[in-house]
$ cat my_file_2.pdb   # PDB, C-alpha atoms, pLDDT in the B column
ATOM      1  CA  MET A   1     111.771 142.446  82.029  1.00 49.00           C
ATOM      2  CA  ASN A   2     115.466 142.037  82.788  1.00 52.00           C
ATOM      3  CA  SER A   3     117.918 144.092  80.868  1.00 55.00           C
ATOM      4  CA  SER A   4     120.912 142.432  79.226  1.00 55.00           C
ATOM      5  CA  ARG A   5     123.135 143.835  81.982  1.00 61.00           C
ATOM      6  CA  GLU A   6     121.233 141.816  84.667  1.00 64.00           C
ATOM      7  CA  VAL A   7     121.566 138.437  82.883  1.00 61.00           C
ATOM      8  CA  PRO A   8     125.012 136.824  83.154  1.00 61.00           C
ATOM      9  CA  GLY A   9     126.573 135.484  79.958  1.00 66.00           C
ATOM     10  CA  GLY A  10     126.794 131.809  78.986  1.00 69.00           C
ATOM     11  CA  TYR A  11     124.732 129.223  80.827  1.00 68.00           C
ATOM     12  CA  ASN A  12     124.651 131.120  84.097  1.00 72.00           C
ATOM     13  CA  THR A  13     121.141 132.491  83.790  1.00 74.00           C
ATOM     14  CA  PRO A  14     119.531 132.235  87.220  1.00 76.00           C
ATOM     15  CA  ILE A  15     116.621 129.790  87.385  1.00 78.00           C
ATOM     16  CA  PRO A  16     113.721 130.692  89.674  1.00 82.00           C
ATOM     17  CA  THR A  17     113.608 128.345  92.660  1.00 80.00           C
ATOM     18  CA  GLU A  18     109.850 127.878  92.201  1.00 83.00           C
ATOM     19  CA  ILE A  19     110.399 125.747  89.087  1.00 84.00           C
ATOM     20  CA  LEU A  20     113.384 123.706  90.242  1.00 81.00           C
ATOM     21  CA  THR A  21     113.009 119.998  91.027  1.00 79.00           C
ATOM     22  CA  PRO A  22     114.381 119.227  94.478  1.00 85.00           C
ATOM     23  CA  ASP A  23     117.139 116.633  94.853  1.00 90.00           C
ATOM     24  CA  SER A  24     114.861 114.465  96.989  1.00 93.00           C
ATOM     25  CA  VAL A  25     111.170 114.301  97.823  1.00 92.00           C
ATOM     26  CA  ASP A  26     109.694 112.344 100.744  1.00 95.00           C
ATOM     27  CA  THR A  27     106.504 110.527  99.721  1.00 94.00           C
ATOM     28  CA  ARG A  28     104.379 107.663 101.057  1.00 94.00           C
ATOM     29  CA  ILE A  29     106.280 105.272  98.755  1.00 93.00           C
ATOM     30  CA  GLY A  30     109.631 106.417 100.094  1.00 94.00           C
ATOM     31  CA  THR A  31     112.184 109.060  99.282  1.00 95.00           C
ATOM     32  CA  LEU A  32     112.426 109.877  95.589  1.00 95.00           C
ATOM     33  CA  GLU A  33     115.865 111.004  94.443  1.00 94.00           C
ATOM     34  CA  PHE A  34     116.492 113.325  91.478  1.00 91.00           C
ATOM     35  CA  ALA A  35     119.628 114.554  89.717  1.00 89.00           C
ATOM     36  CA  ASP A  36     119.121 117.736  87.674  1.00 82.00           C
ATOM     37  CA  GLY A  37     115.392 116.988  87.621  1.00 83.00           C
ATOM     38  CA  PHE A  38     115.754 113.416  86.349  1.00 90.00           C
ATOM     39  CA  PRO A  39     114.768 110.509  88.602  1.00 92.00           C
ATOM     40  CA  SER A  40     117.358 107.960  89.661  1.00 94.00           C
ATOM     41  CA  ASP A  41     116.885 104.357  88.525  1.00 95.00           C
ATOM     42  CA  GLU A  42     115.624 103.413  92.020  1.00 96.00           C
ATOM     43  CA  THR A  43     113.151 106.314  92.007  1.00 95.00           C
ATOM     44  CA  ALA A  44     111.821 105.349  88.585  1.00 95.00           C
ATOM     45  CA  GLU A  45     111.389 101.755  89.770  1.00 96.00           C
ATOM     46  CA  LYS A  46     109.534 102.889  92.917  1.00 96.00           C
ATOM     47  CA  VAL A  47     107.195 105.092  90.896  1.00 96.00           C
ATOM     48  CA  PHE A  48     106.448 102.382  88.325  1.00 97.00           C
ATOM     49  CA  ASP A  49     105.868  99.829  91.110  1.00 96.00           C
ATOM     50  CA  SER A  50     103.460 102.261  92.761  1.00 96.00           C
ATOM     51  CA  LEU A  51     101.641 102.843  89.467  1.00 96.00           C
ATOM     52  CA  ASP A  52     101.392  99.069  88.916  1.00 97.00           C
ATOM     53  CA  PHE A  53      99.935  98.636  92.410  1.00 96.00           C
ATOM     54  CA  MET A  54      97.404 101.455  91.909  1.00 96.00           C
ATOM     55  CA  ARG A  55      96.319  99.954  88.595  1.00 97.00           C
ATOM     56  CA  ALA A  56      95.926  96.511  90.183  1.00 96.00           C
ATOM     57  CA  VAL A  57      93.708  97.973  92.921  1.00 96.00           C
ATOM     58  CA  GLU A  58      91.661  99.826  90.301  1.00 96.00           C
ATOM     59  CA  VAL A  59      91.154  96.642  88.254  1.00 94.00           C
ATOM     60  CA  PHE A  60      90.186  94.691  91.384  1.00 93.00           C
ATOM     61  CA  LEU A  61      87.605  97.298  92.385  1.00 93.00           C
ATOM     62  CA  GLN A  62      86.168  97.434  88.871  1.00 93.00           C
ATOM     63  CA  CYS A  63      85.732  93.636  88.838  1.00 90.00           C
ATOM     64  CA  ILE A  64      83.679  93.511  92.053  1.00 90.00           C
ATOM     65  CA  PRO A  65      80.370  94.096  90.193  1.00 89.00           C
ATOM     66  CA  ALA A  66      81.152  91.256  87.773  1.00 88.00           C
ATOM     67  CA  ALA A  67      81.941  88.931  90.671  1.00 87.00           C
ATOM     68  CA  SER A  68      78.696  89.978  92.341  1.00 89.00           C
ATOM     69  CA  ILE A  69      76.694  89.199  89.201  1.00 88.00           C
ATOM     70  CA  GLU A  70      78.411  85.804  88.939  1.00 88.00           C
ATOM     71  CA  GLY A  71      77.413  85.059  92.536  1.00 88.00           C
ATOM     72  CA  LEU A  72      73.843  86.045  91.734  1.00 86.00           C
ATOM     73  CA  ARG A  73      73.864  83.831  88.628  1.00 85.00           C
ATOM     74  CA  ARG A  74      75.146  80.845  90.610  1.00 89.00           C
ATOM     75  CA  GLY A  75      72.561  81.419  93.331  1.00 85.00           C
ATOM     76  CA  LEU A  76      69.761  81.535  90.780  1.00 83.00           C
ATOM     77  CA  ALA A  77      71.041  78.341  89.156  1.00 86.00           C
ATOM     78  CA  GLU A  78      70.950  76.612  92.564  1.00 87.00           C
ATOM     79  CA  VAL A  79      67.228  77.325  92.920  1.00 82.00           C
ATOM     80  CA  GLY A  80      66.399  76.219  89.398  1.00 83.00           C
ATOM     81  CA  CYS A  81      66.764  79.340  87.256  1.00 83.00           C
ATOM     82  CA  ASP A  82      69.514  77.870  85.124  1.00 82.00           C
ATOM     83  CA  ALA A  83      68.332  79.035  81.697  1.00 83.00           C
ATOM     84  CA  ALA A  84      67.212  82.325  80.163  1.00 79.00           C
ATOM     85  CA  HIS A  85      63.586  81.161  79.763  1.00 83.00           C
ATOM     86  CA  LYS A  86      63.170  80.272  83.457  1.00 80.00           C
ATOM     87  CA  ILE A  87      62.076  82.678  86.167  1.00 77.00           C
ATOM     88  CA  GLY A  88      61.516  82.354  89.870  1.00 75.00           C
ATOM     89  CA  ILE A  89      58.430  83.562  91.678  1.00 73.00           C
ATOM     90  CA  ASP A  90      58.250  83.825  95.432  1.00 66.00           C
ATOM     91  CA  ASP A  91      54.916  82.592  96.768  1.00 70.00           C
ATOM     92  CA  HIS A  92      55.503  84.441 100.046  1.00 65.00           C
ATOM     93  CA  PRO A  93      55.395  88.162  99.172  1.00 61.00           C
ATOM     94  CA  THR A  94      56.478  89.162 102.678  1.00 61.00           C
ATOM     95  CA  SER A  95      59.510  86.916 102.508  1.00 53.00           C
ATOM     96  CA  THR A  96      62.846  88.421 103.464  1.00 58.00           C
ATOM     97  CA  ASP A  97      64.685  85.737 101.525  1.00 56.00           C
ATOM     98  CA  VAL A  98      67.267  87.639  99.496  1.00 55.00           C
ATOM     99  CA  THR A  99      67.376  84.939  96.812  1.00 55.00           C
ATOM    100  CA  ALA A 100      63.641  85.182  96.211  1.00 53.00           C
ATOM    101  CA  VAL A 101      63.795  88.966  95.960  1.00 53.00           C
ATOM    102  CA  ALA A 102      66.738  88.660  93.579  1.00 54.00           C
ATOM    103  CA  LEU A 103      64.763  86.237  91.415  1.00 52.00           C
ATOM    104  CA  LEU A 104      61.990  88.772  91.019  1.00 51.00           C
ATOM    105  CA  VAL A 105      64.393  91.590  90.250  1.00 51.00           C
ATOM    106  CA  VAL A 106      66.375  89.600  87.679  1.00 51.00           C
ATOM    107  CA  ALA A 107      63.195  88.328  86.044  1.00 48.00           C
ATOM    108  CA  GLY A 108      61.941  91.911  85.753  1.00 46.00           C
ATOM    109  CA  ILE A 109      58.839  91.244  87.805  1.00 45.00           C
TER     110      ILE A 109
END

$ encode --input "my_file_2.pdb" --output "structure tokens"
Amino acid sequence: MNSSREVPGGYNTPIPTEILTPDSVDTRIGTLEFADGFPSDETAEKVFDSLDFMRAVEVFLQCIPAASIEGLRRGLAEVGCDAAHKIGIDDHPTSTDVTAVALLVVAGI
């Protein structure tokens, strides 16, 4: 530990460089500027815009399964399975028709 003789008086205590925030940081969203560790208004805007974009991508990716299910539902309705009590059965078990296979899977057969 430092003795009191090694620490200058007032607010002149040396700060280890490992914990200092640099004045600027180059990132994929551009250069982020800081003053005494606080982001500039432009830097804050860039970061929030980047966070908004990342969240939008996340929401889009999470909605793909719902869109896929909606496509499946519409496809089933086209072939006559338009109500919960209707099922589809493929009379050609070797069929490679994706709709027919989907009918069997959705119906739990």

$ residues_around --input "my_file_2.pdb" --residues "stretch 43-53 of chain A" --least-positions-apart "2" --cutoff "10 Å" --atoms "all atoms listed in the file" --output "ChimeraX atom specification"
/A:24,28-34,38-41,55-59

$ resolve_selection --input "my_file_2.pdb" --expression "the PyMOL selection byres ((chain A and resi 22) around 9)" --output "number ranges by chain"
A: 20-21, 23-25, 33-37

$ atom_distance --input "my_file_2.pdb" --atom1 "atom CA of A:Ile69" --atom2 "atom CA of A:His85"
18.0 Å
